[in-house]
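Shown next: protein36.cif, given as mmCIF, N, CA and C atoms.
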data_target
loop_
_atom_site.label_atom_id
_atom_site.label_comp_id
_atom_site.auth_asym_id
_atom_site.auth_seq_id
_atom_site.Cartn_x
_atom_site.Cartn_y
_atom_site.Cartn_z
N MET N 1 30.53 119.23 252.83
CA MET N 1 29.46 120.11 252.45
C MET N 1 28.56 120.43 253.65
N GLN N 2 28.25 119.44 254.48
CA GLN N 2 27.38 119.66 255.61
C GLN N 2 28.02 120.63 256.60
N LYS N 3 29.33 120.55 256.76
CA LYS N 3 30.01 121.45 257.69
C LYS N 3 29.86 122.89 257.23
N LEU N 4 29.96 123.14 255.93
CA LEU N 4 29.81 124.49 255.41
C LEU N 4 28.40 125.01 255.64
N ALA N 5 27.41 124.15 255.52
CA ALA N 5 26.03 124.55 255.73
C ALA N 5 25.79 124.94 257.19
N LEU N 6 26.52 124.35 258.11
CA LEU N 6 26.37 124.64 259.52
C LEU N 6 27.12 125.90 259.94
N PHE N 7 28.02 126.39 259.11
CA PHE N 7 28.87 127.52 259.48
C PHE N 7 28.07 128.76 259.85
N PRO N 8 27.07 129.18 259.03
CA PRO N 8 26.29 130.37 259.42
C PRO N 8 25.59 130.19 260.77
N ARG N 9 25.07 129.00 261.02
CA ARG N 9 24.42 128.74 262.31
C ARG N 9 25.42 128.82 263.44
N TYR N 10 26.60 128.28 263.20
CA TYR N 10 27.65 128.30 264.22
C TYR N 10 28.03 129.74 264.54
N CYS N 11 28.20 130.56 263.52
CA CYS N 11 28.56 131.97 263.72
C CYS N 11 27.47 132.69 264.51
N SER N 12 26.22 132.43 264.17
CA SER N 12 25.10 133.05 264.89
C SER N 12 25.10 132.61 266.34
N LEU N 13 25.35 131.35 266.57
CA LEU N 13 25.39 130.81 267.92
C LEU N 13 26.51 131.46 268.73
N VAL N 14 27.67 131.60 268.12
CA VAL N 14 28.81 132.22 268.80
C VAL N 14 28.45 133.66 269.17
N PHE N 15 27.85 134.39 268.23
CA PHE N 15 27.47 135.77 268.49
C PHE N 15 26.47 135.86 269.64
N LEU N 16 25.44 135.03 269.60
CA LEU N 16 24.42 135.07 270.65
C LEU N 16 24.99 134.71 272.02
N LEU N 17 25.83 133.70 272.05
CA LEU N 17 26.43 133.30 273.32
C LEU N 17 27.36 134.38 273.86
N ALA N 18 28.09 135.00 272.97
CA ALA N 18 28.98 136.09 273.40
C ALA N 18 28.16 137.25 273.95
N LEU N 19 27.07 137.57 273.28
CA LEU N 19 26.19 138.65 273.74
C LEU N 19 25.60 138.32 275.11
N LEU N 20 25.10 137.10 275.27
CA LEU N 20 24.54 136.68 276.56
C LEU N 20 25.60 136.71 277.66
N ALA N 21 26.80 136.26 277.35
CA ALA N 21 27.87 136.25 278.34
C ALA N 21 28.20 137.67 278.78
N THR N 22 28.21 138.59 277.84
CA THR N 22 28.50 139.99 278.16
C THR N 22 27.39 140.56 279.03
N LEU N 23 26.15 140.28 278.68
CA LEU N 23 25.02 140.80 279.44
C LEU N 23 24.97 140.24 280.86
N GLN N 24 25.43 139.02 281.04
CA GLN N 24 25.40 138.39 282.35
C GLN N 24 26.67 138.66 283.15
N GLY N 25 27.61 139.41 282.59
CA GLY N 25 28.83 139.74 283.30
C GLY N 25 29.83 138.60 283.29
N CYS N 26 29.63 137.65 282.44
CA CYS N 26 30.51 136.49 282.34
C CYS N 26 31.71 136.86 281.48
N SER N 27 32.81 136.21 281.71
CA SER N 27 34.01 136.45 280.92
C SER N 27 33.84 135.87 279.52
N PHE N 28 34.07 136.70 278.51
CA PHE N 28 33.95 136.25 277.12
C PHE N 28 34.97 135.16 276.82
N SER N 29 36.16 135.27 277.38
CA SER N 29 37.19 134.27 277.07
C SER N 29 36.77 132.89 277.58
N ASP N 30 36.11 132.83 278.75
CA ASP N 30 35.63 131.55 279.24
C ASP N 30 34.54 130.99 278.34
N SER N 31 33.62 131.86 277.92
CA SER N 31 32.53 131.42 277.05
C SER N 31 33.04 130.96 275.70
N SER N 32 33.96 131.73 275.13
CA SER N 32 34.45 131.37 273.81
C SER N 32 35.28 130.09 273.87
N LYS N 33 35.99 129.87 274.96
CA LYS N 33 36.75 128.62 275.09
C LYS N 33 35.80 127.44 275.13
N SER N 34 34.71 127.58 275.90
CA SER N 34 33.73 126.51 275.98
C SER N 34 33.09 126.24 274.63
N ILE N 35 32.74 127.31 273.91
CA ILE N 35 32.14 127.16 272.58
C ILE N 35 33.13 126.50 271.65
N SER N 36 34.37 126.94 271.71
CA SER N 36 35.40 126.38 270.85
C SER N 36 35.60 124.89 271.13
N ASP N 37 35.64 124.53 272.41
CA ASP N 37 35.79 123.12 272.77
C ASP N 37 34.63 122.29 272.26
N SER N 38 33.41 122.83 272.40
CA SER N 38 32.23 122.10 271.95
C SER N 38 32.22 121.93 270.44
N SER N 39 32.53 123.00 269.72
CA SER N 39 32.48 122.91 268.27
C SER N 39 33.56 122.00 267.73
N SER N 40 34.75 122.02 268.33
CA SER N 40 35.80 121.14 267.82
C SER N 40 35.45 119.68 268.06
N SER N 41 34.77 119.40 269.17
CA SER N 41 34.39 118.00 269.40
C SER N 41 33.28 117.58 268.45
N ILE N 42 32.39 118.51 268.09
CA ILE N 42 31.32 118.19 267.14
C ILE N 42 31.91 117.88 265.77
N PHE N 43 32.84 118.71 265.31
CA PHE N 43 33.36 118.57 263.96
C PHE N 43 34.43 117.50 263.84
N SER N 44 35.15 117.17 264.91
CA SER N 44 36.26 116.23 264.77
C SER N 44 35.96 114.84 265.31
N SER N 45 34.91 114.70 266.10
CA SER N 45 34.67 113.39 266.69
C SER N 45 33.94 112.48 265.71
N ARG N 46 34.37 111.25 265.67
CA ARG N 46 33.71 110.22 264.88
C ARG N 46 33.80 108.95 265.69
N SER N 47 32.69 108.37 265.95
CA SER N 47 32.69 107.11 266.66
C SER N 47 33.22 106.02 265.75
N SER N 48 34.15 105.22 266.27
CA SER N 48 34.75 104.19 265.43
C SER N 48 33.76 103.07 265.11
N ASN N 49 32.60 103.08 265.74
CA ASN N 49 31.60 102.05 265.49
C ASN N 49 30.44 102.56 264.64
N SER N 50 30.52 103.79 264.15
CA SER N 50 29.40 104.33 263.39
C SER N 50 29.28 103.65 262.03
N GLU N 51 28.11 103.79 261.45
CA GLU N 51 27.85 103.21 260.12
C GLU N 51 28.79 103.80 259.07
N SER N 52 29.05 105.12 259.17
CA SER N 52 29.92 105.74 258.18
C SER N 52 31.35 105.21 258.31
N ASP N 53 31.80 104.94 259.53
CA ASP N 53 33.13 104.36 259.71
C ASP N 53 33.20 102.95 259.16
N LYS N 54 32.13 102.18 259.34
CA LYS N 54 32.11 100.82 258.80
C LYS N 54 32.17 100.87 257.28
N ALA N 55 31.40 101.77 256.69
CA ALA N 55 31.41 101.92 255.23
C ALA N 55 32.79 102.35 254.75
N TYR N 56 33.42 103.27 255.49
CA TYR N 56 34.76 103.73 255.13
C TYR N 56 35.76 102.59 255.22
N LYS N 57 35.74 101.84 256.32
CA LYS N 57 36.67 100.70 256.48
C LYS N 57 36.45 99.67 255.38
N ASP N 58 35.20 99.38 255.06
CA ASP N 58 34.91 98.41 253.99
C ASP N 58 35.47 98.89 252.66
N GLU N 59 35.32 100.18 252.38
CA GLU N 59 35.83 100.71 251.12
C GLU N 59 37.35 100.67 251.08
N VAL N 60 37.99 101.01 252.20
CA VAL N 60 39.45 100.94 252.29
C VAL N 60 39.90 99.49 252.13
N ALA N 61 39.19 98.55 252.74
CA ALA N 61 39.54 97.13 252.64
C ALA N 61 39.42 96.65 251.20
N ASP N 62 38.34 97.01 250.53
CA ASP N 62 38.15 96.61 249.13
C ASP N 62 39.24 97.20 248.25
N TYR N 63 39.54 98.47 248.46
CA TYR N 63 40.59 99.14 247.68
C TYR N 63 41.94 98.47 247.92
N THR N 64 42.25 98.18 249.18
CA THR N 64 43.53 97.56 249.53
C THR N 64 43.65 96.19 248.86
N ALA N 65 42.62 95.37 248.97
CA ALA N 65 42.65 94.04 248.37
C ALA N 65 42.80 94.14 246.85
N ALA N 66 42.06 95.03 246.22
CA ALA N 66 42.15 95.19 244.77
C ALA N 66 43.52 95.70 244.36
N TYR N 67 44.06 96.63 245.12
CA TYR N 67 45.38 97.17 244.83
C TYR N 67 46.44 96.07 244.90
N LEU N 68 46.38 95.27 245.94
CA LEU N 68 47.38 94.21 246.12
C LEU N 68 47.27 93.14 245.04
N LYS N 69 46.06 92.83 244.64
CA LYS N 69 45.87 91.80 243.62
C LYS N 69 46.28 92.27 242.24
N SER N 70 46.21 93.58 242.02
CA SER N 70 46.49 94.09 240.68
C SER N 70 47.87 94.72 240.55
N SER N 71 48.57 94.91 241.66
CA SER N 71 49.87 95.61 241.58
C SER N 71 50.99 94.65 241.24
N ALA N 72 52.07 95.23 240.79
CA ALA N 72 53.26 94.46 240.43
C ALA N 72 53.97 94.00 241.69
N GLU N 73 55.06 93.27 241.51
CA GLU N 73 55.84 92.79 242.64
C GLU N 73 56.31 93.94 243.54
N ILE N 74 56.70 95.04 242.94
CA ILE N 74 57.16 96.19 243.70
C ILE N 74 56.00 97.18 243.81
N SER N 75 55.55 97.40 245.02
CA SER N 75 54.39 98.25 245.24
C SER N 75 54.79 99.72 245.26
N ASP N 76 53.92 100.54 244.73
CA ASP N 76 54.08 101.99 244.79
C ASP N 76 53.24 102.48 245.96
N TYR N 77 53.87 102.62 247.12
CA TYR N 77 53.15 102.98 248.34
C TYR N 77 52.54 104.37 248.24
N ASN N 78 53.21 105.27 247.53
CA ASN N 78 52.66 106.62 247.38
C ASN N 78 51.36 106.59 246.59
N ALA N 79 51.31 105.80 245.53
CA ALA N 79 50.08 105.68 244.74
C ALA N 79 48.97 105.05 245.59
N PHE N 80 49.33 104.05 246.37
CA PHE N 80 48.35 103.40 247.24
C PHE N 80 47.78 104.41 248.23
N LEU N 81 48.65 105.17 248.89
CA LEU N 81 48.21 106.14 249.89
C LEU N 81 47.40 107.26 249.26
N LYS N 82 47.72 107.63 248.03
CA LYS N 82 46.94 108.64 247.33
C LYS N 82 45.50 108.14 247.12
N GLY N 83 45.38 106.86 246.78
CA GLY N 83 44.05 106.26 246.63
C GLY N 83 43.27 106.26 247.93
N ILE N 84 43.96 105.95 249.02
CA ILE N 84 43.31 105.98 250.35
C ILE N 84 42.85 107.41 250.65
N GLY N 85 43.70 108.38 250.33
CA GLY N 85 43.34 109.78 250.55
C GLY N 85 42.10 110.18 249.77
N SER N 86 41.96 109.67 248.56
CA SER N 86 40.77 109.96 247.75
C SER N 86 39.51 109.38 248.37
N ILE N 87 39.62 108.15 248.86
CA ILE N 87 38.48 107.51 249.53
C ILE N 87 38.09 108.32 250.77
N ALA N 88 39.09 108.71 251.55
CA ALA N 88 38.82 109.49 252.76
C ALA N 88 38.17 110.82 252.42
N ALA N 89 38.65 111.48 251.39
CA ALA N 89 38.08 112.77 251.00
C ALA N 89 36.61 112.62 250.61
N GLU N 90 36.29 111.55 249.91
CA GLU N 90 34.89 111.30 249.54
C GLU N 90 34.02 111.11 250.77
N GLN N 91 34.60 110.60 251.84
CA GLN N 91 33.86 110.35 253.08
C GLN N 91 33.91 111.56 254.02
N GLY N 92 34.63 112.62 253.63
CA GLY N 92 34.74 113.81 254.47
C GLY N 92 35.74 113.66 255.60
N ILE N 93 36.69 112.75 255.44
CA ILE N 93 37.70 112.52 256.47
C ILE N 93 38.98 113.23 256.06
N ASN N 94 39.39 114.21 256.86
CA ASN N 94 40.57 115.00 256.53
C ASN N 94 41.86 114.43 257.11
N ASN N 95 41.77 113.82 258.25
CA ASN N 95 42.95 113.34 258.97
C ASN N 95 43.13 111.83 258.82
N TRP N 96 42.90 111.32 257.62
CA TRP N 96 42.89 109.87 257.41
C TRP N 96 44.21 109.22 257.80
N GLY N 97 45.31 109.93 257.72
CA GLY N 97 46.61 109.36 258.06
C GLY N 97 46.78 109.10 259.55
N ASP N 98 45.94 109.73 260.35
CA ASP N 98 45.97 109.54 261.80
C ASP N 98 44.69 108.91 262.31
N TYR N 99 43.93 108.32 261.40
CA TYR N 99 42.61 107.82 261.72
C TYR N 99 42.65 106.30 261.83
N GLN N 100 42.30 105.79 262.99
CA GLN N 100 42.38 104.36 263.28
C GLN N 100 41.65 103.51 262.24
N ALA N 101 40.48 103.95 261.82
CA ALA N 101 39.67 103.18 260.87
C ALA N 101 40.39 102.96 259.55
N THR N 102 41.25 103.91 259.16
CA THR N 102 42.02 103.75 257.93
C THR N 102 42.88 102.50 258.00
N TYR N 103 43.59 102.35 259.08
CA TYR N 103 44.54 101.24 259.22
C TYR N 103 43.83 99.91 259.49
N GLU N 104 42.70 99.97 260.19
CA GLU N 104 41.91 98.76 260.37
C GLU N 104 41.39 98.28 259.01
N GLY N 105 40.97 99.22 258.18
CA GLY N 105 40.51 98.88 256.84
C GLY N 105 41.63 98.28 255.99
N ILE N 106 42.82 98.83 256.11
CA ILE N 106 43.97 98.28 255.38
C ILE N 106 44.22 96.85 255.84
N GLY N 107 44.15 96.62 257.15
CA GLY N 107 44.33 95.27 257.68
C GLY N 107 43.28 94.31 257.14
N GLN N 108 42.04 94.76 257.07
CA GLN N 108 40.98 93.92 256.52
C GLN N 108 41.25 93.61 255.05
N GLY N 109 41.77 94.60 254.33
CA GLY N 109 42.10 94.40 252.92
C GLY N 109 43.24 93.40 252.74
N LEU N 110 44.22 93.46 253.61
CA LEU N 110 45.32 92.49 253.57
C LEU N 110 44.78 91.08 253.81
N GLN N 111 43.84 90.96 254.72
CA GLN N 111 43.20 89.66 255.00
C GLN N 111 42.42 89.19 253.77
N LYS N 112 41.65 90.09 253.16
CA LYS N 112 40.87 89.75 251.97
C LYS N 112 41.77 89.27 250.83
N ALA N 113 42.93 89.89 250.71
CA ALA N 113 43.87 89.52 249.65
C ALA N 113 44.68 88.28 250.01
N LYS N 114 44.42 87.75 251.19
CA LYS N 114 45.09 86.53 251.69
C LYS N 114 46.61 86.69 251.76
N VAL N 115 47.03 87.87 252.22
CA VAL N 115 48.45 88.16 252.40
C VAL N 115 48.86 87.61 253.77
N THR N 116 49.94 86.85 253.81
CA THR N 116 50.38 86.23 255.06
C THR N 116 51.89 86.35 255.22
N GLY N 117 52.36 85.93 256.39
CA GLY N 117 53.79 85.80 256.67
C GLY N 117 54.60 87.06 256.50
N VAL N 118 55.77 86.89 255.92
CA VAL N 118 56.71 88.00 255.74
C VAL N 118 56.12 89.07 254.83
N THR N 119 55.36 88.65 253.84
CA THR N 119 54.74 89.62 252.93
C THR N 119 53.76 90.50 253.71
N PHE N 120 52.97 89.90 254.58
CA PHE N 120 52.04 90.67 255.41
C PHE N 120 52.81 91.64 256.29
N GLU N 121 53.84 91.18 256.96
CA GLU N 121 54.63 92.03 257.86
C GLU N 121 55.26 93.20 257.10
N THR N 122 55.69 92.94 255.88
CA THR N 122 56.31 93.99 255.06
C THR N 122 55.27 95.05 254.69
N TYR N 123 54.10 94.61 254.20
CA TYR N 123 53.04 95.55 253.88
C TYR N 123 52.61 96.33 255.12
N LYS N 124 52.44 95.63 256.22
CA LYS N 124 52.00 96.28 257.46
C LYS N 124 52.97 97.39 257.84
N LYS N 125 54.23 97.09 257.80
CA LYS N 125 55.26 98.07 258.18
C LYS N 125 55.27 99.25 257.20
N ASN N 126 55.21 98.95 255.91
CA ASN N 126 55.27 100.02 254.92
C ASN N 126 54.01 100.88 254.89
N PHE N 127 52.83 100.25 254.97
CA PHE N 127 51.59 101.02 254.97
C PHE N 127 51.47 101.88 256.22
N ALA N 128 52.03 101.44 257.32
CA ALA N 128 51.96 102.19 258.57
C ALA N 128 53.14 103.15 258.74
N GLY N 129 54.05 103.16 257.78
CA GLY N 129 55.22 104.03 257.91
C GLY N 129 56.06 103.69 259.12
N SER N 130 56.09 102.42 259.49
CA SER N 130 56.82 101.90 260.65
C SER N 130 56.30 102.42 261.99
N ASN N 131 55.12 103.02 262.00
CA ASN N 131 54.51 103.52 263.22
C ASN N 131 53.89 102.34 263.97
N VAL N 132 54.35 102.10 265.18
CA VAL N 132 53.92 100.93 265.96
C VAL N 132 52.42 100.92 266.19
N GLU N 133 51.84 102.06 266.55
CA GLU N 133 50.41 102.12 266.83
C GLU N 133 49.60 101.82 265.56
N LYS N 134 50.01 102.38 264.43
CA LYS N 134 49.31 102.14 263.18
C LYS N 134 49.46 100.68 262.75
N MET N 135 50.61 100.08 263.02
CA MET N 135 50.79 98.66 262.71
C MET N 135 49.85 97.80 263.56
N GLN N 136 49.63 98.22 264.81
CA GLN N 136 48.70 97.49 265.68
C GLN N 136 47.27 97.58 265.13
N TYR N 137 46.88 98.74 264.61
CA TYR N 137 45.55 98.89 264.02
C TYR N 137 45.40 98.02 262.78
N ILE N 138 46.46 97.94 261.97
CA ILE N 138 46.42 97.07 260.79
C ILE N 138 46.25 95.63 261.24
N GLN N 139 47.01 95.23 262.26
CA GLN N 139 46.90 93.87 262.78
C GLN N 139 45.50 93.60 263.31
N GLN N 140 44.95 94.57 264.01
CA GLN N 140 43.59 94.44 264.56
C GLN N 140 42.58 94.25 263.44
N GLY N 141 42.68 95.04 262.38
CA GLY N 141 41.79 94.88 261.24
C GLY N 141 41.97 93.54 260.55
N TYR N 142 43.19 93.08 260.47
CA TYR N 142 43.51 91.78 259.85
C TYR N 142 42.90 90.65 260.66
N ASP N 143 42.97 90.76 261.98
CA ASP N 143 42.49 89.69 262.88
C ASP N 143 40.97 89.66 263.02
N ASP N 144 40.30 90.79 262.74
CA ASP N 144 38.83 90.83 262.91
C ASP N 144 38.09 89.93 261.97
#

Can you give me the file's structure in the form of structure tokens?
Amino acid sequence: MQKLALFPRYCSLVFLLALLATLQGCSFSDSSKSISDSSSSIFSSRSSNSESDKAYKDEVADYTAAYLKSSAEISDYNAFLKGIGSIAAEQGINNWGDYQATYEGIGQGLQKAKVTGVTFETYKKNFAGSNVEKMQYIQQGYDD
């Protein structure tokens, strides 16, 4: 919601900067590239140490632990991931599948559920889709 509220301001800013660049004889393509770079970093950057990330990781950890404690012997990974997606959407995170905090939170949840040994390794591999980097993030969250 906050991003939508900023959109009119962003458009006005782009227009003003383009106008200034034209008046100063500056290349519009250089100005627009700079504006584009700045806006993408504003909208996509999230510090992994921010309060919102901590809250997100805690919620993912709680969800993971609850899911593991309440699920049957055979886990439905798609249902689990759908739940993670819902949590991320509530937090305004669109790229949760590529977001380090997601996997750290899953690792914390595995720790909370006291999952160990082969069972831990199996969950880690399946939740990360066998992605080595994501498995490392899960391990990092588990070890914290």

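Going from atom CA of N:Asp62 over to atom CA of N:Gly83, you cover 11.6 Å.
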
Using the file's own x, y and z axes, what box holds all listed atoms of stretch 83-89 of chain N with 5 Å on each side, keeping edges along x, y and z, and what are its centre and edge lengths in Å to one decimal, as JSON?
{"center_x": 41.0, "center_y": 109.4, "center_z": 249.7, "size_x": 18.8, "size_y": 16.8, "size_z": 16.1}

Discussion item. Between atom N of N:Gln91 and atom N of N:Asn78, what is the distance in Å, rounded to a tenth?
Written reply: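 These two atoms are separated by 19.8 Å.
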
Item to complete: List, as a PyMOL selection string, every residue that the PyMOL selection byres ((chain N and resi 106-120) around 6.5) selects in the file provided.
Response: chain N and resi 57+60-65+69+101-105+121-125+137-143

Worksheet item: What does the distance between atom CA of N:Lys134 and atom CA of N:Gln100 come to in Å, to one decimal place?
Response: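 Distance reported for this atom pair: 7.3 Å.
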